[in-house]
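With PDB, N, CA, C and O atoms, pLDDT in the B column inside, this is target-v2.pdb:
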ATOM      1  N   MET L  31      30.111   2.857   9.570  1.00 88.00           N
ATOM      2  CA  MET L  31      29.055   2.474   8.645  1.00 88.00           C
ATOM      3  C   MET L  31      27.943   3.521   8.700  1.00 88.00           C
ATOM      4  O   MET L  31      27.443   3.842   9.774  1.00 88.00           O
ATOM      5  N   PRO L  32      27.533   4.074   7.571  1.00 94.00           N
ATOM      6  CA  PRO L  32      26.471   5.090   7.595  1.00 94.00           C
ATOM      7  C   PRO L  32      25.123   4.477   7.910  1.00 94.00           C
ATOM      8  O   PRO L  32      24.943   3.263   7.872  1.00 94.00           O
ATOM      9  N   LYS L  33      24.194   5.359   8.248  1.00 92.00           N
ATOM     10  CA  LYS L  33      22.839   4.913   8.548  1.00 92.00           C
ATOM     11  C   LYS L  33      22.187   4.316   7.304  1.00 92.00           C
ATOM     12  O   LYS L  33      22.489   4.728   6.182  1.00 92.00           O
ATOM     13  N   MET L  34      21.293   3.368   7.521  1.00 93.00           N
ATOM     14  CA  MET L  34      20.495   2.819   6.421  1.00 93.00           C
ATOM     15  C   MET L  34      19.460   3.863   6.019  1.00 93.00           C
ATOM     16  O   MET L  34      18.916   4.551   6.884  1.00 93.00           O
ATOM     17  N   LYS L  35      19.207   3.979   4.749  1.00 95.00           N
ATOM     18  CA  LYS L  35      18.184   4.908   4.278  1.00 95.00           C
ATOM     19  C   LYS L  35      16.947   4.128   3.872  1.00 95.00           C
ATOM     20  O   LYS L  35      17.044   3.095   3.212  1.00 95.00           O
ATOM     21  N   SER L  36      15.790   4.645   4.265  1.00 96.00           N
ATOM     22  CA  SER L  36      14.547   4.010   3.844  1.00 96.00           C
ATOM     23  C   SER L  36      14.207   4.468   2.435  1.00 96.00           C
ATOM     24  O   SER L  36      14.634   5.541   1.996  1.00 96.00           O
ATOM     25  N   ASN L  37      13.457   3.657   1.738  1.00 96.00           N
ATOM     26  CA  ASN L  37      12.950   4.033   0.418  1.00 96.00           C
ATOM     27  C   ASN L  37      11.778   4.978   0.655  1.00 96.00           C
ATOM     28  O   ASN L  37      10.724   4.570   1.151  1.00 96.00           O
ATOM     29  N   ARG L  38      11.960   6.252   0.364  1.00 96.00           N
ATOM     30  CA  ARG L  38      10.957   7.255   0.725  1.00 96.00           C
ATOM     31  C   ARG L  38       9.645   7.047  -0.022  1.00 96.00           C
ATOM     32  O   ARG L  38       8.578   7.329   0.507  1.00 96.00           O
ATOM     33  N   GLY L  39       9.713   6.572  -1.257  1.00 96.00           N
ATOM     34  CA  GLY L  39       8.488   6.293  -1.992  1.00 96.00           C
ATOM     35  C   GLY L  39       7.683   5.199  -1.330  1.00 96.00           C
ATOM     36  O   GLY L  39       6.461   5.279  -1.216  1.00 96.00           O
ATOM     37  N   ALA L  40       8.373   4.150  -0.848  1.00 97.00           N
ATOM     38  CA  ALA L  40       7.696   3.052  -0.166  1.00 97.00           C
ATOM     39  C   ALA L  40       7.188   3.499   1.193  1.00 97.00           C
ATOM     40  O   ALA L  40       6.104   3.090   1.631  1.00 97.00           O
ATOM     41  N   ALA L  41       7.949   4.336   1.885  1.00 96.00           N
ATOM     42  CA  ALA L  41       7.545   4.782   3.218  1.00 96.00           C
ATOM     43  C   ALA L  41       6.246   5.582   3.176  1.00 96.00           C
ATOM     44  O   ALA L  41       5.491   5.582   4.141  1.00 96.00           O
ATOM     45  N   LYS L  42       5.987   6.252   2.063  1.00 96.00           N
ATOM     46  CA  LYS L  42       4.748   7.021   1.936  1.00 96.00           C
ATOM     47  C   LYS L  42       3.565   6.143   1.547  1.00 96.00           C
ATOM     48  O   LYS L  42       2.424   6.548   1.708  1.00 96.00           O
ATOM     49  N   ARG L  43       3.828   4.941   1.035  1.00 96.00           N
ATOM     50  CA  ARG L  43       2.751   4.092   0.522  1.00 96.00           C
ATOM     51  C   ARG L  43       2.304   3.005   1.481  1.00 96.00           C
ATOM     52  O   ARG L  43       1.210   2.465   1.329  1.00 96.00           O
ATOM     53  N   PHE L  44       3.144   2.636   2.444  1.00 97.00           N
ATOM     54  CA  PHE L  44       2.838   1.510   3.326  1.00 97.00           C
ATOM     55  C   PHE L  44       2.866   1.938   4.776  1.00 97.00           C
ATOM     56  O   PHE L  44       3.605   2.858   5.147  1.00 97.00           O
ATOM     57  N   ARG L  45       2.044   1.243   5.601  1.00 97.00           N
ATOM     58  CA  ARG L  45       2.058   1.471   7.038  1.00 97.00           C
ATOM     59  C   ARG L  45       2.095   0.125   7.739  1.00 97.00           C
ATOM     60  O   ARG L  45       1.447  -0.826   7.285  1.00 97.00           O
ATOM     61  N   VAL L  46       2.808   0.060   8.851  1.00 96.00           N
ATOM     62  CA  VAL L  46       2.901  -1.176   9.614  1.00 96.00           C
ATOM     63  C   VAL L  46       1.883  -1.117  10.747  1.00 96.00           C
ATOM     64  O   VAL L  46       1.799  -0.120  11.471  1.00 96.00           O
ATOM     65  N   THR L  47       1.105  -2.189  10.899  1.00 96.00           N
ATOM     66  CA  THR L  47       0.119  -2.253  11.968  1.00 96.00           C
ATOM     67  C   THR L  47       0.799  -2.654  13.268  1.00 96.00           C
ATOM     68  O   THR L  47       1.982  -3.008  13.295  1.00 96.00           O
ATOM     69  N   ALA L  48       0.048  -2.617  14.366  1.00 96.00           N
ATOM     70  CA  ALA L  48       0.602  -2.969  15.672  1.00 96.00           C
ATOM     71  C   ALA L  48       1.037  -4.428  15.724  1.00 96.00           C
ATOM     72  O   ALA L  48       1.981  -4.775  16.441  1.00 96.00           O
ATOM     73  N   SER L  49       0.367  -5.287  14.952  1.00 96.00           N
ATOM     74  CA  SER L  49       0.722  -6.707  14.959  1.00 96.00           C
ATOM     75  C   SER L  49       1.849  -7.031  13.982  1.00 96.00           C
ATOM     76  O   SER L  49       2.247  -8.185  13.875  1.00 96.00           O
ATOM     77  N   GLY L  50       2.343  -6.034  13.249  1.00 95.00           N
ATOM     78  CA  GLY L  50       3.469  -6.248  12.357  1.00 95.00           C
ATOM     79  C   GLY L  50       3.100  -6.481  10.910  1.00 95.00           C
ATOM     80  O   GLY L  50       3.979  -6.676  10.074  1.00 95.00           O
ATOM     81  N   LYS L  51       1.804  -6.487  10.597  1.00 97.00           N
ATOM     82  CA  LYS L  51       1.404  -6.626   9.204  1.00 97.00           C
ATOM     83  C   LYS L  51       1.561  -5.285   8.500  1.00 97.00           C
ATOM     84  O   LYS L  51       1.627  -4.236   9.139  1.00 97.00           O
ATOM     85  N   VAL L  52       1.621  -5.321   7.162  1.00 97.00           N
ATOM     86  CA  VAL L  52       1.812  -4.096   6.386  1.00 97.00           C
ATOM     87  C   VAL L  52       0.536  -3.801   5.616  1.00 97.00           C
ATOM     88  O   VAL L  52       0.011  -4.659   4.907  1.00 97.00           O
ATOM     89  N   LYS L  53       0.034  -2.568   5.775  1.00 98.00           N
ATOM     90  CA  LYS L  53      -1.183  -2.150   5.087  1.00 98.00           C
ATOM     91  C   LYS L  53      -0.821  -1.364   3.841  1.00 98.00           C
ATOM     92  O   LYS L  53       0.195  -0.663   3.807  1.00 98.00           O
ATOM     93  N   ARG L  54      -1.676  -1.461   2.835  1.00 97.00           N
ATOM     94  CA  ARG L  54      -1.465  -0.725   1.598  1.00 97.00           C
ATOM     95  C   ARG L  54      -2.815  -0.266   1.064  1.00 97.00           C
ATOM     96  O   ARG L  54      -3.850  -0.854   1.374  1.00 97.00           O
ATOM     97  N   HIS L  55      -2.795   0.759   0.229  1.00 96.00           N
ATOM     98  CA  HIS L  55      -4.010   1.216  -0.443  1.00 96.00           C
ATOM     99  C   HIS L  55      -4.217   0.400  -1.703  1.00 96.00           C
ATOM    100  O   HIS L  55      -3.265  -0.112  -2.292  1.00 96.00           O
ATOM    101  N   SER L  56      -5.463   0.311  -2.131  1.00 96.00           N
ATOM    102  CA  SER L  56      -5.776  -0.400  -3.369  1.00 96.00           C
ATOM    103  C   SER L  56      -5.370   0.436  -4.574  1.00 96.00           C
ATOM    104  O   SER L  56      -5.394   1.668  -4.525  1.00 96.00           O
ATOM    105  N   ASN L  57      -5.010  -0.247  -5.659  1.00 95.00           N
ATOM    106  CA  ASN L  57      -4.714   0.462  -6.901  1.00 95.00           C
ATOM    107  C   ASN L  57      -5.992   0.566  -7.737  1.00 95.00           C
ATOM    108  O   ASN L  57      -7.056   0.147  -7.309  1.00 95.00           O
ATOM    109  N   PHE L  58      -5.890   1.149  -8.892  1.00 96.00           N
ATOM    110  CA  PHE L  58      -7.011   1.352  -9.831  1.00 96.00           C
ATOM    111  C   PHE L  58      -8.056   2.329  -9.298  1.00 96.00           C
ATOM    112  O   PHE L  58      -9.230   2.225  -9.642  1.00 96.00           O
ATOM    113  N   HIS L  59      -7.672   3.284  -8.463  1.00 96.00           N
ATOM    114  CA  HIS L  59      -8.667   4.196  -7.914  1.00 96.00           C
ATOM    115  C   HIS L  59      -8.250   5.657  -8.076  1.00 96.00           C
ATOM    116  O   HIS L  59      -8.608   6.505  -7.266  1.00 96.00           O
ATOM    117  N   SER L  60      -7.456   5.956  -9.098  1.00 95.00           N
ATOM    118  CA  SER L  60      -6.992   7.333  -9.255  1.00 95.00           C
ATOM    119  C   SER L  60      -7.600   8.042 -10.456  1.00 95.00           C
ATOM    120  O   SER L  60      -7.816   9.254 -10.408  1.00 95.00           O
ATOM    121  N   HIS L  61      -7.893   7.340 -11.518  1.00 96.00           N
ATOM    122  CA  HIS L  61      -8.487   7.980 -12.697  1.00 96.00           C
ATOM    123  C   HIS L  61      -9.247   6.929 -13.494  1.00 96.00           C
ATOM    124  O   HIS L  61      -9.231   5.750 -13.166  1.00 96.00           O
ATOM    125  N   ILE L  62      -9.923   7.390 -14.542  1.00 96.00           N
ATOM    126  CA  ILE L  62     -10.826   6.549 -15.358  1.00 96.00           C
ATOM    127  C   ILE L  62     -11.851   5.873 -14.451  1.00 96.00           C
ATOM    128  O   ILE L  62     -12.020   4.652 -14.456  1.00 96.00           O
ATOM    129  N   LEU L  63     -12.546   6.694 -13.663  1.00 97.00           N
ATOM    130  CA  LEU L  63     -13.488   6.149 -12.690  1.00 97.00           C
ATOM    131  C   LEU L  63     -14.910   6.055 -13.231  1.00 97.00           C
ATOM    132  O   LEU L  63     -15.757   5.430 -12.599  1.00 97.00           O
ATOM    133  N   THR L  64     -15.167   6.660 -14.395  1.00 97.00           N
ATOM    134  CA  THR L  64     -16.546   6.695 -14.882  1.00 97.00           C
ATOM    135  C   THR L  64     -17.040   5.316 -15.293  1.00 97.00           C
ATOM    136  O   THR L  64     -18.222   5.022 -15.142  1.00 97.00           O
ATOM    137  N   LYS L  65     -16.164   4.486 -15.797  1.00 97.00           N
ATOM    138  CA  LYS L  65     -16.602   3.160 -16.244  1.00 97.00           C
ATOM    139  C   LYS L  65     -16.648   2.141 -15.111  1.00 97.00           C
ATOM    140  O   LYS L  65     -17.109   1.027 -15.321  1.00 97.00           O
ATOM    141  N   LYS L  66     -16.152   2.499 -13.931  1.00 97.00           N
ATOM    142  CA  LYS L  66     -16.172   1.573 -12.801  1.00 97.00           C
ATOM    143  C   LYS L  66     -17.445   1.762 -11.994  1.00 97.00           C
ATOM    144  O   LYS L  66     -17.912   2.889 -11.810  1.00 97.00           O
ATOM    145  N   SER L  67     -17.997   0.666 -11.513  1.00 98.00           N
ATOM    146  CA  SER L  67     -19.253   0.741 -10.779  1.00 98.00           C
ATOM    147  C   SER L  67     -19.026   1.383  -9.407  1.00 98.00           C
ATOM    148  O   SER L  67     -17.913   1.414  -8.880  1.00 98.00           O
ATOM    149  N   THR L  68     -20.109   1.882  -8.831  1.00 98.00           N
ATOM    150  CA  THR L  68     -20.035   2.516  -7.518  1.00 98.00           C
ATOM    151  C   THR L  68     -19.554   1.528  -6.468  1.00 98.00           C
ATOM    152  O   THR L  68     -18.754   1.873  -5.599  1.00 98.00           O
ATOM    153  N   LYS L  69     -20.032   0.303  -6.556  1.00 98.00           N
ATOM    154  CA  LYS L  69     -19.619  -0.727  -5.596  1.00 98.00           C
ATOM    155  C   LYS L  69     -18.124  -1.004  -5.695  1.00 98.00           C
ATOM    156  O   LYS L  69     -17.435  -1.138  -4.677  1.00 98.00           O
ATOM    157  N   ARG L  70     -17.620  -1.065  -6.921  1.00 97.00           N
ATOM    158  CA  ARG L  70     -16.199  -1.327  -7.116  1.00 97.00           C
ATOM    159  C   ARG L  70     -15.355  -0.182  -6.576  1.00 97.00           C
ATOM    160  O   ARG L  70     -14.334  -0.398  -5.897  1.00 97.00           O
ATOM    161  N   LYS L  71     -15.775   1.056  -6.839  1.00 97.00           N
ATOM    162  CA  LYS L  71     -15.026   2.209  -6.346  1.00 97.00           C
ATOM    163  C   LYS L  71     -15.059   2.276  -4.826  1.00 97.00           C
ATOM    164  O   LYS L  71     -14.063   2.630  -4.187  1.00 97.00           O
ATOM    165  N   ARG L  72     -16.184   1.920  -4.247  1.00 97.00           N
ATOM    166  CA  ARG L  72     -16.315   1.930  -2.786  1.00 97.00           C
ATOM    167  C   ARG L  72     -15.372   0.905  -2.159  1.00 97.00           C
ATOM    168  O   ARG L  72     -14.718   1.167  -1.154  1.00 97.00           O
ATOM    169  N   ASN L  73     -15.278  -0.278  -2.766  1.00 97.00           N
ATOM    170  CA  ASN L  73     -14.393  -1.306  -2.244  1.00 97.00           C
ATOM    171  C   ASN L  73     -12.914  -0.945  -2.449  1.00 97.00           C
ATOM    172  O   ASN L  73     -12.061  -1.389  -1.679  1.00 97.00           O
ATOM    173  N   LEU L  74     -12.610  -0.145  -3.471  1.00 97.00           N
ATOM    174  CA  LEU L  74     -11.228   0.254  -3.713  1.00 97.00           C
ATOM    175  C   LEU L  74     -10.736   1.278  -2.685  1.00 97.00           C
ATOM    176  O   LEU L  74      -9.539   1.510  -2.578  1.00 97.00           O
ATOM    177  N   ARG L  75     -11.667   1.900  -1.933  1.00 97.00           N
ATOM    178  CA  ARG L  75     -11.256   2.849  -0.900  1.00 97.00           C
ATOM    179  C   ARG L  75     -10.593   2.163   0.277  1.00 97.00           C
ATOM    180  O   ARG L  75      -9.807   2.766   0.991  1.00 97.00           O
ATOM    181  N   LYS L  76     -10.926   0.914   0.481  1.00 96.00           N
ATOM    182  CA  LYS L  76     -10.443   0.199   1.660  1.00 96.00           C
ATOM    183  C   LYS L  76      -8.960  -0.141   1.524  1.00 96.00           C
ATOM    184  O   LYS L  76      -8.455  -0.366   0.432  1.00 96.00           O
ATOM    185  N   GLU L  77      -8.288  -0.184   2.673  1.00 96.00           N
ATOM    186  CA  GLU L  77      -6.902  -0.634   2.690  1.00 96.00           C
ATOM    187  C   GLU L  77      -6.881  -2.147   2.791  1.00 96.00           C
ATOM    188  O   GLU L  77      -7.815  -2.758   3.299  1.00 96.00           O
ATOM    189  N   SER L  78      -5.822  -2.750   2.295  1.00 97.00           N
ATOM    190  CA  SER L  78      -5.687  -4.192   2.390  1.00 97.00           C
ATOM    191  C   SER L  78      -4.291  -4.512   2.920  1.00 97.00           C
ATOM    192  O   SER L  78      -3.436  -3.640   3.035  1.00 97.00           O
ATOM    193  N   ILE L  79      -4.087  -5.772   3.236  1.00 97.00           N
ATOM    194  CA  ILE L  79      -2.832  -6.235   3.816  1.00 97.00           C
ATOM    195  C   ILE L  79      -1.917  -6.732   2.696  1.00 97.00           C
ATOM    196  O   ILE L  79      -2.360  -7.419   1.784  1.00 97.00           O
ATOM    197  N   VAL L  80      -0.644  -6.375   2.778  1.00 97.00           N
ATOM    198  CA  VAL L  80       0.345  -6.851   1.811  1.00 97.00           C
ATOM    199  C   VAL L  80       0.505  -8.357   1.996  1.00 97.00           C
ATOM    200  O   VAL L  80       0.449  -8.872   3.120  1.00 97.00           O
ATOM    201  N   SER L  81       0.692  -9.078   0.914  1.00 97.00           N
ATOM    202  CA  SER L  81       0.807 -10.534   0.990  1.00 97.00           C
ATOM    203  C   SER L  81       2.023 -10.936   1.814  1.00 97.00           C
ATOM    204  O   SER L  81       2.999 -10.190   1.940  1.00 97.00           O
ATOM    205  N   ALA L  82       1.954 -12.138   2.362  1.00 96.00           N
ATOM    206  CA  ALA L  82       3.021 -12.627   3.241  1.00 96.00           C
ATOM    207  C   ALA L  82       4.350 -12.736   2.507  1.00 96.00           C
ATOM    208  O   ALA L  82       5.412 -12.540   3.104  1.00 96.00           O
ATOM    209  N   ALA L  83       4.312 -13.033   1.209  1.00 97.00           N
ATOM    210  CA  ALA L  83       5.550 -13.164   0.444  1.00 97.00           C
ATOM    211  C   ALA L  83       6.246 -11.819   0.263  1.00 97.00           C
ATOM    212  O   ALA L  83       7.477 -11.757   0.201  1.00 97.00           O
ATOM    213  N   ASP L  84       5.477 -10.733   0.168  1.00 97.00           N
ATOM    214  CA  ASP L  84       6.066  -9.416  -0.066  1.00 97.00           C
ATOM    215  C   ASP L  84       6.371  -8.641   1.203  1.00 97.00           C
ATOM    216  O   ASP L  84       7.094  -7.643   1.164  1.00 97.00           O
ATOM    217  N   THR L  85       5.834  -9.071   2.348  1.00 97.00           N
ATOM    218  CA  THR L  85       5.981  -8.309   3.590  1.00 97.00           C
ATOM    219  C   THR L  85       7.431  -8.084   3.997  1.00 97.00           C
ATOM    220  O   THR L  85       7.792  -6.951   4.327  1.00 97.00           O
ATOM    221  N   PRO L  86       8.319  -9.105   3.981  1.00 96.00           N
ATOM    222  CA  PRO L  86       9.700  -8.834   4.391  1.00 96.00           C
ATOM    223  C   PRO L  86      10.403  -7.803   3.511  1.00 96.00           C
ATOM    224  O   PRO L  86      11.153  -6.954   4.013  1.00 96.00           O
ATOM    225  N   ARG L  87      10.145  -7.842   2.218  1.00 96.00           N
ATOM    226  CA  ARG L  87      10.782  -6.883   1.309  1.00 96.00           C
ATOM    227  C   ARG L  87      10.276  -5.473   1.570  1.00 96.00           C
ATOM    228  O   ARG L  87      11.070  -4.512   1.594  1.00 96.00           O
ATOM    229  N   VAL L  88       8.975  -5.323   1.810  1.00 97.00           N
ATOM    230  CA  VAL L  88       8.416  -3.992   2.072  1.00 97.00           C
ATOM    231  C   VAL L  88       8.948  -3.453   3.394  1.00 97.00           C
ATOM    232  O   VAL L  88       9.315  -2.282   3.502  1.00 97.00           O
ATOM    233  N   LYS L  89       9.020  -4.307   4.405  1.00 96.00           N
ATOM    234  CA  LYS L  89       9.541  -3.853   5.706  1.00 96.00           C
ATOM    235  C   LYS L  89      10.992  -3.417   5.597  1.00 96.00           C
ATOM    236  O   LYS L  89      11.410  -2.462   6.261  1.00 96.00           O
ATOM    237  N   ARG L  90      11.768  -4.108   4.780  1.00 95.00           N
ATOM    238  CA  ARG L  90      13.157  -3.715   4.590  1.00 95.00           C
ATOM    239  C   ARG L  90      13.234  -2.374   3.870  1.00 95.00           C
ATOM    240  O   ARG L  90      14.117  -1.565   4.159  1.00 95.00           O
ATOM    241  N   MET L  91      12.312  -2.121   2.943  1.00 96.00           N
ATOM    242  CA  MET L  91      12.315  -0.853   2.225  1.00 96.00           C
ATOM    243  C   MET L  91      11.927   0.312   3.117  1.00 96.00           C
ATOM    244  O   MET L  91      12.451   1.416   2.982  1.00 96.00           O
ATOM    245  N   ILE L  92      11.007   0.073   4.067  1.00 96.00           N
ATOM    246  CA  ILE L  92      10.573   1.173   4.943  1.00 96.00           C
ATOM    247  C   ILE L  92      11.290   1.135   6.289  1.00 96.00           C
ATOM    248  O   ILE L  92      11.079   2.017   7.115  1.00 96.00           O
ATOM    249  N   LEU L  93      12.115   0.117   6.516  1.00 92.00           N
ATOM    250  CA  LEU L  93      12.945  -0.018   7.726  1.00 92.00           C
ATOM    251  C   LEU L  93      12.124  -0.007   9.005  1.00 92.00           C
ATOM    252  O   LEU L  93      12.377   0.760   9.930  1.00 92.00           O
ATOM    253  N   LYS L  94      11.086  -0.852   9.045  1.00 75.00           N
ATOM    254  CA  LYS L  94      10.290  -0.992  10.278  1.00 75.00           C
ATOM    255  C   LYS L  94      10.016  -2.435  10.528  1.00 75.00           C
ATOM    256  O   LYS L  94       9.947  -3.237   9.659  1.00 75.00           O
TER     257      LYS L  94
END
Re-express the file's structure as structure tokens.
Amino acid sequence: MPKMKSNRGAAKRFRVTASGKVKRHSNFHSHILTKKSTKRKRNLRKESIVSAADTPRVKRMILK
């Protein structure tokens, strides 16, 4: 049986914390930033945790 391959696109987008949760970057922060408020852009810089429903699927994609 060959080795399992991770989804490379997902592996670059998600990180697993020490406690096993999956961190992700916020969306809506790459372009069209002029109409967004400074507070909104500042909050979009922060990483957030992937929801519990999506965590098993993301972990399977990144194989961790």
Closest of L:Lys51, L:His59, L:Lys71, L:Lys35 to Leu93 in chain L, counting all atoms listed in the file, is L:Lys35
Using backbone DSSP assignments, extract all strand (DSSP E) residues from chain L; output them as a list in words.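 Everything in chain L that counts as strand (DSSP E) is Phe44, Arg45, Val46, Val52, Lys53, Arg54, His55, Glu77, Ser78 and Ile79 of chain L.
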Shortest interatomic distance to Lys76 in chain L - which of L:Pro32, L:Asn37, L:Arg43, L:Ser56, counting all atoms listed in the file: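 Nearest to Lys76 in chain L: L:Ser56.
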Filtered DSSP result for chain L, state helix (DSSP H, G or I), as a PyMOL selection string: chain L and resi 38-43+68-74+85-92
Name the residues in contact with range 79-83 of chain L at a cut-off of 8 Å, using only N, CA, C and O atoms, excluding same-chain residues fewer than 3 positions from it; report them as a VMD selection string. chain L and resid 45 51 to 55 76 86 to 88
Listed atoms of range 56-61 of chain L, axis-aligned box, 4 Å per side: centre and edge lengths to one decimal in Å, as AutoDock Vina command-line options?
--center_x -7.0 --center_y 4.4 --center_z -7.8 --size_x 12.5 --size_y 17.7 --size_z 19.4
Which one of L:Ser67, L:Ser60, L:Ser36, L:Asn73 sits closest to Lys94 in chain L if you count only C-alpha atoms?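 Closest to Lys94 in chain L, using only C-alpha atoms: L:Ser36.
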